[in-house]
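See structure below.
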Amino acid sequence: MPQQQTSSPEQGRRLDSWAAQAAAPGQSAQSAPPVPTRSAQSAPGRAADSSAVYRAVQGSEAFQEIRRSYRSFVFPACGAFLGWYLLYVAAQAGAPGVMRRPVAGPINVAWLLGLLQFASTFLLTWLYARHARTRRDRAALELRWDTQDQLR
Amino acid sequence: MTTATPPPVAATGDHHDLAIVLFAVIVLVTLGITLWVGRRGGAAEDFYVGGRDFTPLQNGFALSGDYLSAASFLGVAGLIALYGYDGALYSIGFLVAWLVVLMLVAELVRNAGRYTLADVLALRLRRRKVRAAAGGASVVVTLLYLVAQMVGAGSLVALLLGTSSAQARTWTIVAVGGLMIIYVTVGGMRATTWIQIVKAFLLIAGSVLLTVLLLIRFHGDVAELMRQAAQHSGAGQRYLEPGLKYGGSFTSRLDFFSLGLALVLGTAGLPHILSRFYTVPTARAARRSTMWAIGLVGSFYLMAIALGLGATALVGSGEVRHANAAGNTAVPLLALVLGGGNGSTGGVVLFALISAIAFATILAVVAGLTLASSAAFAHDIWAGAWRGRPRRGQGAVPASRQSDGEAVEHEEVGVARIAAVGIGAIAIVLSLFAQQLNVAFLVGLAFAVAASANLPVLLYSLFWRRFTARGAVWSVYGGLIPAVLLVVFSPVVSGTRTALFPGMDFHWFPLENPGVVSIPLGFLAGWIGTMTSAEPADPDRYAELEVRALTGAGAA
């Protein structure tokens, strides 16, 4: 089995170079929020000082859009699932009568909610991955190459 | 974990002989992997993160391998076999926790760090104190977790081999400790990862096999399985309702809430899980490996629930409890029954097979923990803080590596190897003294410390613009110290019959798990520390961290 790993670094890089190629033509056609990555370069061009580059990129519209897109999905989603999980745990103590109520056959409300925890975890994983893939990955990758160009 | 009488359904016999043979095969295979893989490269990149060239699928298996300890495989199924619904409730926290890892931690840590959790903090807070605090907390967490695994290993292997003598347990702990030191010092992250992958594959395959056999036995009728489980549980319908284990007093319910909080928030602060994200090339790959891990861990716990119910239905709660008071042999006993019962070839083979998988699980998890612990010691405490070399992250320019830096890194790997031996030895000694402690409690404690000391500082660093070095130091110690102190004054250490010092009583904290108090304290301490800082946060460094974390620019 260990031999397989020789193929893996290329695979990882291939993923990224594929994404980079795909991003170039697709950039304007994308239905996702428009990401004017080039604006990052209007920052103090070939500054030798890397912190100036990072500050400029951080202030660029492209980066702000990536951050907004990331945070506006992740923060509410985390609040929602943490609340839902803690509510479920607290319900064992707070509402044992409700939890005992039978639903179907041997399944009662407690088992149903427990299985729904599994389902919601899988669902949220899928939703997050889809959001990251369609809204964030391309823009982030473009900005990565831009920033690294400026740092060089 | 208490001493065990030999399982009554399994008198004495050949199934232990076959188990011993399979245990030996597992030791040989893992040592073979270590030697084969360990030949490749001795650079810091190889030792700490296996060359960063694993695929998301491989790393997903390795992540679930690191996460699904023997405590999960045998412990969770055992809890379900004994306590029904309450056991299943326990397993859900372990899965939901991965959402925190997926959304808040995996990608950002991959981009911002290099080898350890403290790297992420050091990128913006370049202070030796910060590195020392974060590295120290990581060592504490991994050591606690390591002791939990090794104590479990001792009683478990002795149990699976059919002896219950104290000597057998002691030698098992020493042997497991010795093996994990060899894996880590010789093979580094590459060998550890391959051992995790093999183990996770065996674990999932074994669970699928048992679940399929179980469902065939019940003709696919899960409702009938649940009904029979309730019938043979000795508790009737209450077996399927909440409250059998955690239902007693308000204190025990609050204790479970505390444990639930620690499980959900602790996973994202476990050093051996975080360091896995550095073994893949990109943040995207880190995300995809987390998705694989969530799929594998989730399906595993679903199967564990079925197997726990199956053990109650086919073996009976009484028998399970008689074999081991904590229920740890529920799954092997179920395997014996599903294979055709004691004395049948099928039963013997299946019992030995499942026992061997549990053994592989123990070996793999302790190896991963030892590696994370030695990395935190060598990279953070020794190189980062003690030697005081001003590590500027790795700088923004990847090309700035000089031969001088490589020599220093080479030295650091040497220290890490020595640290692995030292930490392994400490873990062995601690485990020998901690043998009577409850394993599930130790695991819960490790999660609580990780959630209190590691998670607040990590989240503040990644998301809070004004966070300062002082806030970081306060946050780590403000979570770590209360967590440890509250345990010292909890009923686990004194005041009850099952306590560490049963003869004394100096406990005043009512809960076994400190999470519900210490986790908010960790967050609060970080906030107060930042607010009272004399110097403000450096916006340049936060810009670098933020841009790097979200785009991957300049990532290692």
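Ordering of the structure tokens sets the chain letters (A, B, ...), residue numbers begin anew at 1 in every chain, and ligands are numbered from 1 in the order given.
Within 9 Å of stretch 347-353 of chain B, once only C-alpha atoms are used and residues closer than 5 positions along the same chain are dropped, the contacting residues are Gly13, Asp14, His15, His16, Asp17, Leu18, Ala19, Ile20, Val21, Leu22, Phe23, Leu160, Gly206, Leu210, Val331, Pro332, Leu333, Leu334, Ala335, Leu336, Val337, Leu338, Gly339, Gly340, Gly341, Asn342 and Ala358 of chain B.
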Closest pair table for chain B residues within 6 Å of chain A, only C-alpha atoms, as a Markdown table:
```
| residue | atom | partner | partner_atom | distance |
| --- | --- | --- | --- | --- |
| B:Asp53 | CA | A:Pro9 | CA | 4.6 |
| B:Phe54 | CA | A:Ser8 | CA | 5.8 |
| B:Thr55 | CA | A:Ser8 | CA | 5.6 |
| B:Glu241 | CA | A:Arg100 | CA | 5.9 |
| B:Pro281 | CA | A:Gly12 | CA | 6.0 |
| B:Asp540 | CA | A:Ser51 | CA | 5.7 |
| B:Ala543 | CA | A:Arg55 | CA | 5.5 |
| B:Glu544 | CA | A:Tyr54 | CA | 5.2 |
| B:Thr551 | CA | A:Ala140 | CA | 4.6 |
| B:Gly552 | CA | A:Arg144 | CA | 5.9 |
| B:Ala553 | CA | A:Arg144 | CA | 4.4 |
```
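Here atom CA of B:Gly318 is placed at a distance of 20.1 Å from atom CA of B:Phe73.
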Which distance in Å separates atom CA of B:Asp66 and atom CA of B:Ser155, to one decimal?
20.4 Å
Could you pull out the alpha helix (DSSP H) residues of stretch 447-479 of chain B from DSSP and send them as a count of residues only?
23
Separation of atom CA of B:Val130 from atom CA of B:Ala268 in Å
18.9 Å
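The smallest atom-to-atom distance between B:Gly177 and any of B:Ala153, B:Val109, B:Lys199, B:Ala133, using only C-alpha atoms, is found for B:Ala153.
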